[in-house]
$ cat data.csv   # CSV, C-alpha atoms
chain,number,residue,atom,x,y,z
A,2,MET,CA,128.7,50.7,144.1
A,3,ASP,CA,131.7,48.5,145.1
A,4,THR,CA,133.9,50.6,142.7
A,5,ASN,CA,132.7,53.8,144.4
A,6,ASP,CA,133.3,52.3,147.8
A,7,ARG,CA,137.0,51.5,146.9
A,8,ARG,CA,137.5,54.9,145.4
A,9,ASP,CA,139.0,57.6,147.5
A,10,PRO,CA,136.2,60.1,148.3
A,11,SER,CA,138.4,63.1,147.7
A,12,GLU,CA,139.2,61.7,144.2
A,13,ALA,CA,135.4,61.4,143.4
A,14,ARG,CA,134.8,64.9,144.6
A,15,ALA,CA,137.7,66.2,142.5
A,16,LEU,CA,136.3,64.5,139.3
A,17,LYS,CA,132.8,65.8,140.0
A,18,SER,CA,134.1,69.3,140.6
A,19,GLU,CA,136.1,69.2,137.3
A,20,ARG,CA,133.1,68.1,135.3
A,21,LEU,CA,130.9,70.8,136.8
A,22,THR,CA,133.6,73.4,136.1
A,23,GLU,CA,133.8,72.3,132.5
A,24,LYS,CA,130.0,72.5,132.1
A,25,ILE,CA,129.8,76.0,133.7
A,26,ALA,CA,132.6,77.2,131.4
A,27,THR,CA,130.7,75.8,128.3
A,28,LEU,CA,127.5,77.5,129.5
A,29,ARG,CA,129.2,80.8,129.9
A,30,GLU,CA,130.7,80.6,126.4
A,31,LYS,CA,127.2,79.9,125.0
A,32,MET,CA,125.7,82.8,127.0
A,33,ALA,CA,128.4,85.1,125.7
A,34,ARG,CA,127.8,83.9,122.1
A,35,LEU,CA,124.0,84.5,122.6
A,36,LYS,CA,124.7,88.0,123.8
A,37,GLU,CA,126.7,88.7,120.6
A,38,LEU,CA,123.9,87.3,118.5
A,39,GLU,CA,121.3,89.4,120.4
A,40,ALA,CA,123.3,92.5,119.7
A,41,GLU,CA,123.5,91.6,115.9
A,42,MET,CA,119.8,90.9,115.9
A,43,LEU,CA,118.8,94.2,117.5
A,44,ALA,CA,121.1,96.1,115.1
A,45,SER,CA,119.3,94.6,112.1
A,46,PRO,CA,116.6,96.9,110.6
A,47,ASP,CA,113.9,94.3,111.2
A,48,GLU,CA,115.4,92.8,114.3
A,49,GLN,CA,115.8,89.4,112.7
A,50,LEU,CA,118.9,87.2,112.4
A,51,SER,CA,119.1,83.9,110.5
A,52,LEU,CA,122.2,81.8,111.2
A,53,THR,CA,121.4,79.4,108.3
A,54,ASP,CA,120.8,82.0,105.5
A,55,PRO,CA,121.6,85.6,106.3
A,56,ASP,CA,119.0,86.9,103.7
A,57,SER,CA,116.1,84.7,104.8
A,58,ARG,CA,113.4,86.1,107.2
A,59,SER,CA,110.4,85.0,109.2
A,60,MET,CA,107.3,84.8,106.9
A,61,THR,CA,103.8,85.8,107.9
A,62,SER,CA,100.5,84.1,107.3
A,63,ASN,CA,97.0,85.6,107.9
A,64,GLY,CA,98.7,88.7,109.4
A,65,SER,CA,100.8,86.9,112.0
A,66,ALA,CA,104.1,85.2,112.1
A,67,SER,CA,104.0,81.6,110.7
A,68,GLY,CA,107.3,80.4,112.2
A,69,THR,CA,108.6,79.6,108.8
A,70,VAL,CA,112.0,81.2,107.9
A,71,GLY,CA,112.5,81.6,104.2
A,72,TYR,CA,111.7,83.8,101.2
A,73,ASN,CA,108.5,85.4,99.9
A,74,VAL,CA,108.0,84.6,96.2
A,75,GLN,CA,105.9,87.0,94.2
A,76,SER,CA,104.4,86.3,90.8
A,77,ALA,CA,102.1,87.9,88.3
A,78,VAL,CA,100.2,85.4,86.2
A,79,ASP,CA,98.3,85.9,82.9
A,80,PRO,CA,94.7,84.6,83.6
A,81,GLU,CA,94.2,83.5,80.0
A,82,ASN,CA,97.1,81.1,79.6
A,83,HIS,CA,98.5,80.9,83.1
A,84,ILE,CA,101.9,82.1,82.0
A,85,ILE,CA,104.0,83.8,84.7
A,86,VAL,CA,104.7,87.2,83.2
A,87,ALA,CA,106.7,88.6,86.2
A,88,HIS,CA,108.1,87.3,89.4
A,89,ASP,CA,110.4,88.3,92.3
A,90,VAL,CA,112.0,86.8,95.4
A,91,ILE,CA,112.0,89.1,98.4
A,92,SER,CA,113.1,88.8,102.1
A,93,LYS,CA,110.0,90.6,103.5
A,94,GLY,CA,107.5,88.3,105.1
A,95,SER,CA,104.5,90.4,104.3
A,96,ASP,CA,102.8,91.2,100.9
A,97,ARG,CA,101.3,94.5,101.9
A,98,ALA,CA,103.9,96.6,100.0
A,99,GLN,CA,104.2,94.4,97.0
A,100,LEU,CA,101.0,95.3,95.0
A,101,VAL,CA,102.4,98.2,93.0
A,102,PRO,CA,105.9,96.8,92.5
A,103,MET,CA,104.5,93.6,91.0
A,104,ALA,CA,101.9,95.4,88.9
A,105,ASN,CA,104.7,97.6,87.5
A,106,ARG,CA,106.8,94.5,86.8
A,107,ALA,CA,103.9,92.9,84.9
A,108,ARG,CA,103.1,96.1,83.1
A,109,ALA,CA,106.7,96.4,81.9
A,110,ALA,CA,106.8,92.8,80.8
A,111,LEU,CA,103.6,93.1,78.8
A,112,GLY,CA,104.5,96.6,77.4
A,113,VAL,CA,101.2,98.2,78.4
A,114,ASP,CA,100.4,101.5,80.1
A,115,GLU,CA,97.4,100.4,82.1
A,116,ILE,CA,96.8,97.1,83.8
A,117,THR,CA,94.1,95.3,85.9
A,118,VAL,CA,95.5,93.3,88.9
A,119,LEU,CA,93.7,90.8,91.1
A,120,ALA,CA,95.2,90.1,94.6
A,121,ASP,CA,94.2,88.5,97.9
A,122,ARG,CA,93.6,90.5,101.0
A,123,GLY,CA,97.2,90.2,102.1
A,124,TYR,CA,98.0,92.9,99.6
A,125,PHE,CA,95.5,95.3,100.9
A,126,SER,CA,97.2,98.6,101.8
A,127,GLY,CA,95.8,102.1,101.6
A,128,ASP,CA,99.0,103.6,100.4
A,129,GLN,CA,99.4,100.9,97.7
A,130,LEU,CA,95.9,101.3,96.5
A,131,LEU,CA,96.2,105.0,96.3
A,132,GLU,CA,99.3,104.7,94.2
A,133,CYS,CA,97.4,102.2,92.0
A,134,ALA,CA,94.6,104.7,91.4
A,135,GLU,CA,97.1,107.5,90.5
A,136,SER,CA,99.2,105.4,88.1
A,137,GLY,CA,96.8,103.5,85.8
A,138,ILE,CA,96.5,100.3,87.8
A,139,THR,CA,93.0,99.0,88.3
A,140,ALA,CA,93.1,96.9,91.5
A,141,TYR,CA,90.7,94.2,92.8
A,142,VAL,CA,91.7,93.6,96.4
A,143,PRO,CA,89.4,92.5,99.2
A,144,LYS,CA,89.7,94.6,102.4
A,145,ALA,CA,91.8,93.1,105.2
A,146,LEU,CA,89.7,92.1,108.2
A,147,THR,CA,91.8,93.4,111.1
A,148,SER,CA,89.2,94.5,113.6
A,149,SER,CA,89.2,92.7,116.9
A,150,GLY,CA,85.5,93.5,117.3
A,151,THR,CA,84.5,90.7,114.9
A,152,LYS,CA,85.8,88.0,117.3
A,153,ARG,CA,83.9,89.7,120.2
A,154,GLY,CA,80.7,89.8,118.2
A,155,LEU,CA,80.7,93.6,117.9
A,156,PHE,CA,79.7,95.7,114.9
A,157,THR,CA,82.7,96.4,112.6
A,158,LYS,CA,83.3,99.4,110.4
A,159,GLN,CA,81.7,97.6,107.4
A,160,ASP,CA,78.4,97.8,109.3
A,161,PHE,CA,78.5,101.6,109.2
A,162,VAL,CA,77.3,103.0,105.8
A,163,TYR,CA,79.2,106.1,104.6
A,164,ASP,CA,77.1,108.8,102.9
A,165,ARG,CA,79.5,110.6,100.6
A,166,ASP,CA,77.1,113.4,99.7
A,167,ASN,CA,76.5,114.4,103.4
A,168,ASP,CA,79.9,113.3,104.6
A,169,TRP,CA,78.6,111.2,107.5
A,170,TYR,CA,78.2,107.6,108.6
A,171,VAL,CA,74.9,105.9,109.4
A,172,CYS,CA,75.2,103.3,112.2
A,173,PRO,CA,73.3,100.0,112.5
A,174,ALA,CA,70.8,101.8,114.8
A,175,GLY,CA,70.1,104.5,112.1
A,176,GLN,CA,71.9,107.3,113.8
A,177,THR,CA,74.2,109.6,111.9
A,178,LEU,CA,77.9,110.0,112.9
A,179,THR,CA,79.3,113.3,111.9
A,180,LYS,CA,82.9,114.4,111.5
A,181,GLY,CA,84.7,115.4,114.6
A,182,HIS,CA,88.4,116.0,115.2
A,183,HIS,CA,91.1,115.5,112.6
A,184,ARG,CA,94.6,114.1,113.3
A,185,SER,CA,97.6,112.4,111.8
A,186,ASP,CA,98.8,109.0,113.0
A,187,ARG,CA,101.1,106.3,111.6
A,188,ARG,CA,98.4,105.4,109.0
A,189,GLY,CA,98.2,109.0,107.7
A,190,ASP,CA,95.7,111.8,108.1
A,191,VAL,CA,92.3,110.6,109.4
A,192,ASN,CA,89.0,112.1,110.6
A,193,PHE,CA,86.9,110.6,113.4
A,194,TYR,CA,83.1,110.4,113.1
A,195,ARG,CA,80.8,110.1,116.2
A,196,HIS,CA,77.4,111.0,117.6
A,197,LEU,CA,77.9,112.9,120.9
A,198,THR,CA,74.6,111.8,122.5
A,199,ALA,CA,73.0,108.8,120.8
A,200,CYS,CA,75.4,106.2,122.1
A,201,PHE,CA,74.4,106.8,125.7
A,202,THR,CA,70.8,105.6,125.2
A,203,CYS,CA,71.3,103.3,122.2
A,204,ALA,CA,69.7,99.8,122.6
A,205,LEU,CA,72.5,98.3,120.4
A,206,LYS,CA,75.4,99.8,122.3
A,207,SER,CA,76.4,96.4,123.9
A,208,ARG,CA,76.8,95.1,120.4
A,209,CYS,CA,78.7,98.1,119.2
A,210,THR,CA,81.4,99.3,121.6
A,211,PRO,CA,82.5,99.0,125.3
A,212,GLU,CA,83.6,102.7,125.1
A,213,LYS,CA,81.4,105.7,125.9
A,214,LEU,CA,81.1,106.6,122.2
A,215,ARG,CA,81.6,104.7,119.0
A,216,ARG,CA,84.1,106.4,116.8
A,217,ILE,CA,84.7,105.6,113.1
A,218,ARG,CA,88.1,106.4,111.7
A,219,ARG,CA,88.2,107.6,108.1
A,220,TRP,CA,91.4,108.1,106.1
A,221,ASP,CA,91.6,111.3,104.0
A,222,HIS,CA,91.9,109.1,100.9
A,223,GLU,CA,89.3,106.5,101.9
A,224,ASP,CA,87.3,107.3,98.8
A,225,VAL,CA,89.9,105.2,96.9
A,226,LEU,CA,89.3,102.2,99.2
A,227,ASP,CA,85.5,102.7,98.8
A,228,ASP,CA,86.0,102.6,95.0
A,229,VAL,CA,87.9,99.3,95.3
A,230,ASP,CA,85.0,97.9,97.4
A,231,ARG,CA,82.4,98.9,94.9
A,232,ARG,CA,84.4,97.5,92.0
A,233,LEU,CA,84.8,94.2,93.8
A,234,ASP,CA,81.1,94.1,94.8
A,235,ALA,CA,80.2,94.6,91.2
A,236,ALA,CA,82.5,91.7,90.0
A,237,PRO,CA,82.7,89.1,92.7
A,238,GLU,CA,83.9,86.5,90.2
A,239,MET,CA,87.3,88.3,90.3
A,240,MET,CA,88.4,86.5,93.4
A,241,ARG,CA,87.5,83.1,91.9
A,242,ILE,CA,89.6,84.0,88.8
A,243,ARG,CA,92.5,85.0,91.1
A,244,ARG,CA,92.5,81.7,93.0
A,245,SER,CA,92.4,79.6,89.8
A,246,THR,CA,95.2,81.8,88.2
A,247,ALA,CA,97.7,82.8,90.9
A,248,GLU,CA,97.7,79.5,92.9
A,249,HIS,CA,98.0,77.2,89.9
A,250,PRO,CA,101.7,77.8,89.0
A,251,PHE,CA,102.8,77.5,92.7
A,252,ALA,CA,101.0,74.2,93.1
A,253,THR,CA,102.5,72.9,89.9
A,254,MET,CA,106.1,73.9,90.7
A,255,LYS,CA,105.9,72.6,94.3
A,256,ALA,CA,104.7,69.2,92.8
A,257,TRP,CA,107.7,69.3,90.5
A,258,MET,CA,110.2,70.2,93.2
A,259,GLY,CA,109.0,67.4,95.4
A,260,ALA,CA,109.5,69.6,98.5
A,261,THR,CA,108.6,73.1,99.7
A,262,HIS,CA,112.2,74.2,100.3
A,263,PHE,CA,114.7,76.0,98.0
A,264,LEU,CA,118.0,74.2,97.5
A,265,MET,CA,120.1,77.4,97.4
A,266,ARG,CA,121.0,80.0,100.1
A,267,THR,CA,121.2,83.8,100.0
A,268,ARG,CA,118.7,85.8,98.0
A,269,PRO,CA,120.6,86.1,94.7
A,270,ASN,CA,121.0,82.4,94.5
A,271,VAL,CA,117.5,81.7,95.5
A,272,ALA,CA,116.2,84.2,92.9
A,273,THR,CA,118.3,82.4,90.3
A,274,GLU,CA,116.8,79.0,91.3
A,275,MET,CA,113.3,80.5,91.2
A,276,SER,CA,113.9,82.0,87.7
A,277,LEU,CA,114.9,78.5,86.5
A,278,HIS,CA,111.6,77.1,87.9
A,279,VAL,CA,109.6,79.9,86.2
A,280,LEU,CA,111.4,79.3,82.9
A,281,ALA,CA,110.7,75.6,82.9
A,282,TYR,CA,107.1,76.2,83.9
A,283,ASN,CA,106.5,78.7,81.2
A,284,ILE,CA,108.1,76.5,78.5
A,285,LYS,CA,105.9,73.6,79.5
A,286,ARG,CA,102.8,75.8,79.4
A,287,VAL,CA,103.6,77.1,75.9
A,288,LEU,CA,104.2,73.5,74.8
A,289,ASN,CA,100.8,72.5,76.1
A,290,PHE,CA,98.7,75.1,74.3
A,291,VAL,CA,100.9,75.8,71.2
A,292,GLY,CA,102.6,72.5,70.5
A,293,LEU,CA,106.1,71.6,69.7
A,294,GLU,CA,106.0,71.8,65.9
A,295,PRO,CA,104.9,75.5,65.7
A,296,ILE,CA,107.6,76.4,68.3
A,297,MET,CA,110.3,74.5,66.3
A,298,ALA,CA,109.2,76.2,63.1
A,299,ALA,CA,109.4,79.6,64.7
A,300,LEU,CA,112.9,78.8,66.0
A,301,LYS,CA,114.0,77.7,62.5
A,302,ALA,CA,112.5,80.8,61.0
A,303,ALA,CA,114.4,83.0,63.4

$ encode --input "data.csv" --output "structure tokens"
Amino acid sequence: MDTNDRRDPSEARALKSERLTEKIATLREKMARLKELEAEMLASPDEQLSLTDPDSRSMTSNGSASGTVGYNVQSAVDPENHIIVAHDVISKGSDRAQLVPMANRARAALGVDEITVLADRGYFSGDQLLECAESGITAYVPKALTSSGTKRGLFTKQDFVYDRDNDWYVCPAGQTLTKGHHRSDRRGDVNFYRHLTACFTCALKSRCTPEKLRRIRRWDHEDVLDDVDRRLDAAPEMMRIRRSTAEHPFATMKAWMGATHFLMRTRPNVATEMSLHVLAYNIKRVLNFVGLEPIMAALKAA
């Protein structure tokens, strides 16, 4: 306080003004830089921009953004020996478009024309399952639960039984919903099924829909999805096999790595790092169930 009292007031004001001017200039530079980054981000196809690694992207979990920026590692694992037969490192945060590509990678690695694949509900995609059905890939994938009605305690589409012979749905109240108008949307060509009068007097309407009528959307190729459901219902153990097969290598490699982060940056380098992890994992698996001596004998014979 004594120092400030001895200082010329005009000098103190000048110093304060100079500091404020510098801060304002710095803030303006940062704002201009953020504007440039915003333009780069919006110009990107997925409107994402990573300043640490240009190839990394925001990952999703349970259908929503997880906040983790990195890479999506895909793998196809043999359920008998837990050998990784195919893998890939991609920058897309979602698995929805990866079922067929990974099945084809595994099919090529195994040298087979037909293959059975087990995947979790994150891989559920109508287009992917349709392609599987048309290309010799037998898929076991549980349906993705995306309806908001479940959280609100309303009946979901799974509560409506489709009668293929009559081409109608039977609702929980026992009424039949028949085909109405047909249209195309971002999910493809769909038909809407409804009952034009029953909903108005239905005792279960409060548990069904807040709208005037309950409409059920059915994709033109939904028979393929129904076949997947029936196949999975007939073999519920498939998801247990998937968990004990696909998750095992990831847990093992993460334990070896000592962390959940890759050491490299950019997708080619990260893919190389992942390939080394897979190679080491597969070698150790072979050593576990074959043994060192037979492997050395085979190498000498070669």

$ residues_around --input "data.csv" --residues "Tyr170 (chain A)" --least-positions-apart "3" --cutoff "8 Å" --atoms "all atoms listed in the file" --output "ChimeraX atom specification"
/A:161-164,177-179,194

$ residues_near_point --input "data.csv" --point "(90.4, 110.7, 105.4)" --cutoff "8 Å" --atoms "only C-alpha atoms" --output "PDB file with C-alpha atoms, keeping the file's coordinate frame"
ATOM      1  CA  ASP A 190      95.700 111.800 108.100  1.00  0.00           C
ATOM      2  CA  VAL A 191      92.300 110.600 109.400  1.00  0.00           C
ATOM      3  CA  ASN A 192      89.000 112.100 110.600  1.00  0.00           C
ATOM      4  CA  ARG A 218      88.100 106.400 111.700  1.00  0.00           C
ATOM      5  CA  ARG A 219      88.200 107.600 108.100  1.00  0.00           C
ATOM      6  CA  TRP A 220      91.400 108.100 106.100  1.00  0.00           C
ATOM      7  CA  ASP A 221      91.600 111.300 104.000  1.00  0.00           C
ATOM      8  CA  HIS A 222      91.900 109.100 100.900  1.00  0.00           C
ATOM      9  CA  GLU A 223      89.300 106.500 101.900  1.00  0.00           C
TER      10      GLU A 223
END

$ closest_residue --input "data.csv" --among "A:Met258, A:Val86, A:Leu214, A:Val142" --to "Asp230 (chain A)" --atoms "all atoms listed in the file"
A:Val142

$ residues_around --input "data.csv" --residues "Lys206 (chain A)" --least-positions-apart "4" --cutoff "12 Å" --atoms "all atoms listed in the file" --output "ChimeraX atom specification"
/A:155-156,172-174,176,199-202,210-215

$ closest_residue --input "data.csv" --among "A:Asn82, A:Leu52, A:Thr22, A:Lys36" --to "Ala247 (chain A)" --atoms "only C-alpha atoms"
A:Asn82

$ residues_around --input "data.csv" --residues "Glu274 (chain A)" --least-positions-apart "5" --cutoff "9 Å" --atoms "only C-alpha atoms" --output "list of chain:residue names"
A:Phe263, A:Leu264, A:Met265, A:Pro269, A:Val279

$ closest_residue --input "data.csv" --among "A:Leu119, A:Ala15, A:Val90, A:Leu38" --to "Glu238 (chain A)" --atoms "only C-alpha atoms"
A:Leu119

$ closest_residue --input "data.csv" --among "A:Val271, A:Leu197, A:Ala298, A:Ala120" --to "Met239 (chain A)" --atoms "all atoms listed in the file"
A:Ala120

$ closest_residue --input "data.csv" --among "A:Leu16, A:Ile91, A:Val74, A:Ile85" --to "Thr267 (chain A)" --atoms "all atoms listed in the file"
A:Ile91

$ closest_residue --input "data.csv" --among "A:His83, A:Arg153, A:Arg286, A:Arg108" --to "Arg244 (chain A)" --atoms "only C-alpha atoms"
A:His83

$ residues_around --input "data.csv" --residues "Val78 (chain A)" --least-positions-apart "5" --cutoff "12 Å" --atoms "only C-alpha atoms" --output "JSON, numbers by chain"
{"A": [83, 84, 85, 86, 87, 88, 103, 104, 106, 107, 108, 110, 111, 117, 118, 119, 120, 242, 243, 244, 245, 246, 247, 248, 249, 250, 251, 279, 282, 283]}

$ atom_distance --input "data.csv" --atom1 "CA of Ile284 (chain A)" --atom2 "CA of Ala272 (chain A)"
18.2 Å

$ atom_distance --input "data.csv" --atom1 "CA of Gly189 (chain A)" --atom2 "CA of Leu131 (chain A)"
12.2 Å

$ atom_distance --input "data.csv" --atom1 "CA of His262 (chain A)" --atom2 "CA of Asp96 (chain A)"
19.4 Å

$ residues_near_point --input "data.csv" --point "(94.4, 95.9, 101.9)" --cutoff "6 Å" --atoms "only C-alpha atoms" --output "list in words"
Arg122, Tyr124, Phe125, Ser126, Lys144 and Ala145 of chain A

$ write_last_selection --input "data.csv" --atoms "C-alpha atoms" --output "mmCIF file, keeping the file's coordinate frame"
data_model
loop_
_atom_site.group_PDB
_atom_site.id
_atom_site.type_symbol
_atom_site.label_atom_id
_atom_site.label_comp_id
_atom_site.auth_asym_id
_atom_site.auth_seq_id
_atom_site.Cartn_x
_atom_site.Cartn_y
_atom_site.Cartn_z
ATOM 1 C CA ARG A 122 93.600 90.500 101.000
ATOM 2 C CA TYR A 124 98.000 92.900 99.600
ATOM 3 C CA PHE A 125 95.500 95.300 100.900
ATOM 4 C CA SER A 126 97.200 98.600 101.800
ATOM 5 C CA LYS A 144 89.700 94.600 102.400
ATOM 6 C CA ALA A 145 91.800 93.100 105.200
#

$ build_atoms --input "data.csv" --residues "region 109-128 of chain A" --atoms "N, CA, C and O atoms" --output "mmCIF file, keeping the file's coordinate frame"
data_model
loop_
_atom_site.group_PDB
_atom_site.id
_atom_site.type_symbol
_atom_site.label_atom_id
_atom_site.label_comp_id
_atom_site.auth_asym_id
_atom_site.auth_seq_id
_atom_site.Cartn_x
_atom_site.Cartn_y
_atom_site.Cartn_z
ATOM 1 N N ALA A 109 105.517 96.311 82.726
ATOM 2 C CA ALA A 109 106.700 96.400 81.900
ATOM 3 C C ALA A 109 106.917 95.212 81.025
ATOM 4 O O ALA A 109 107.305 95.321 79.852
ATOM 5 N N ALA A 110 106.634 94.023 81.575
ATOM 6 C CA ALA A 110 106.800 92.800 80.800
ATOM 7 C C ALA A 110 105.828 92.708 79.656
ATOM 8 O O ALA A 110 106.158 92.205 78.575
ATOM 9 N N LEU A 111 104.614 93.207 79.873
ATOM 10 C CA LEU A 111 103.600 93.100 78.800
ATOM 11 C C LEU A 111 103.639 94.326 77.879
ATOM 12 O O LEU A 111 102.997 94.309 76.823
ATOM 13 N N GLY A 112 104.369 95.376 78.251
ATOM 14 C CA GLY A 112 104.500 96.600 77.400
ATOM 15 C C GLY A 112 103.193 97.345 77.298
ATOM 16 O O GLY A 112 102.848 97.856 76.225
ATOM 17 N N VAL A 113 102.463 97.478 78.422
ATOM 18 C CA VAL A 113 101.200 98.200 78.400
ATOM 19 C C VAL A 113 101.292 99.378 79.423
ATOM 20 O O VAL A 113 102.104 99.359 80.347
ATOM 21 N N ASP A 114 100.458 100.367 79.215
ATOM 22 C CA ASP A 114 100.400 101.500 80.100
ATOM 23 C C ASP A 114 99.454 101.315 81.269
ATOM 24 O O ASP A 114 99.682 101.812 82.381
ATOM 25 N N GLU A 115 98.348 100.621 81.018
ATOM 26 C CA GLU A 115 97.400 100.400 82.100
ATOM 27 C C GLU A 115 97.193 98.870 82.242
ATOM 28 O O GLU A 115 97.361 98.091 81.297
ATOM 29 N N ILE A 116 96.850 98.482 83.465
ATOM 30 C CA ILE A 116 96.800 97.100 83.800
ATOM 31 C C ILE A 116 95.739 96.835 84.872
ATOM 32 O O ILE A 116 95.522 97.709 85.729
ATOM 33 N N THR A 117 95.084 95.690 84.843
ATOM 34 C CA THR A 117 94.100 95.300 85.900
ATOM 35 C C THR A 117 94.784 94.175 86.701
ATOM 36 O O THR A 117 95.280 93.188 86.127
ATOM 37 N N VAL A 118 94.817 94.321 88.023
ATOM 38 C CA VAL A 118 95.500 93.300 88.900
ATOM 39 C C VAL A 118 94.452 92.771 89.889
ATOM 40 O O VAL A 118 93.608 93.505 90.406
ATOM 41 N N LEU A 119 94.546 91.477 90.143
ATOM 42 C CA LEU A 119 93.700 90.800 91.100
ATOM 43 C C LEU A 119 94.663 90.269 92.218
ATOM 44 O O LEU A 119 95.661 89.611 91.897
ATOM 45 N N ALA A 120 94.352 90.540 93.470
ATOM 46 C CA ALA A 120 95.200 90.100 94.600
ATOM 47 C C ALA A 120 94.371 89.736 95.771
ATOM 48 O O ALA A 120 93.237 90.205 95.915
ATOM 49 N N ASP A 121 94.932 88.903 96.658
ATOM 50 C CA ASP A 121 94.200 88.500 97.900
ATOM 51 C C ASP A 121 94.320 89.627 98.915
ATOM 52 O O ASP A 121 95.052 90.608 98.741
ATOM 53 N N ARG A 122 93.624 89.458 100.039
ATOM 54 C CA ARG A 122 93.600 90.500 101.000
ATOM 55 C C ARG A 122 94.898 90.779 101.725
ATOM 56 O O ARG A 122 95.063 91.806 102.373
ATOM 57 N N GLY A 123 95.886 89.892 101.559
ATOM 58 C CA GLY A 123 97.200 90.200 102.100
ATOM 59 C C GLY A 123 97.900 91.338 101.482
ATOM 60 O O GLY A 123 98.830 91.905 102.047
ATOM 61 N N TYR A 124 97.443 91.726 100.291
ATOM 62 C CA TYR A 124 98.000 92.900 99.600
ATOM 63 C C TYR A 124 97.289 94.165 99.862
ATOM 64 O O TYR A 124 97.658 95.205 99.315
ATOM 65 N N PHE A 125 96.260 94.116 100.687
ATOM 66 C CA PHE A 125 95.500 95.300 100.900
ATOM 67 C C PHE A 125 96.258 96.336 101.736
ATOM 68 O O PHE A 125 96.671 96.085 102.868
ATOM 69 N N SER A 126 96.464 97.494 101.128
ATOM 70 C CA SER A 126 97.200 98.600 101.800
ATOM 71 C C SER A 126 96.670 99.894 101.198
ATOM 72 O O SER A 126 96.621 100.061 99.970
ATOM 73 N N GLY A 127 96.291 100.810 102.062
ATOM 74 C CA GLY A 127 95.800 102.100 101.600
ATOM 75 C C GLY A 127 96.757 102.829 100.712
ATOM 76 O O GLY A 127 96.400 103.345 99.648
ATOM 77 N N ASP A 128 98.009 102.892 101.135
ATOM 78 C CA ASP A 128 99.000 103.600 100.400
ATOM 79 C C ASP A 128 99.225 102.956 98.993
ATOM 80 O O ASP A 128 99.380 103.645 97.982
#
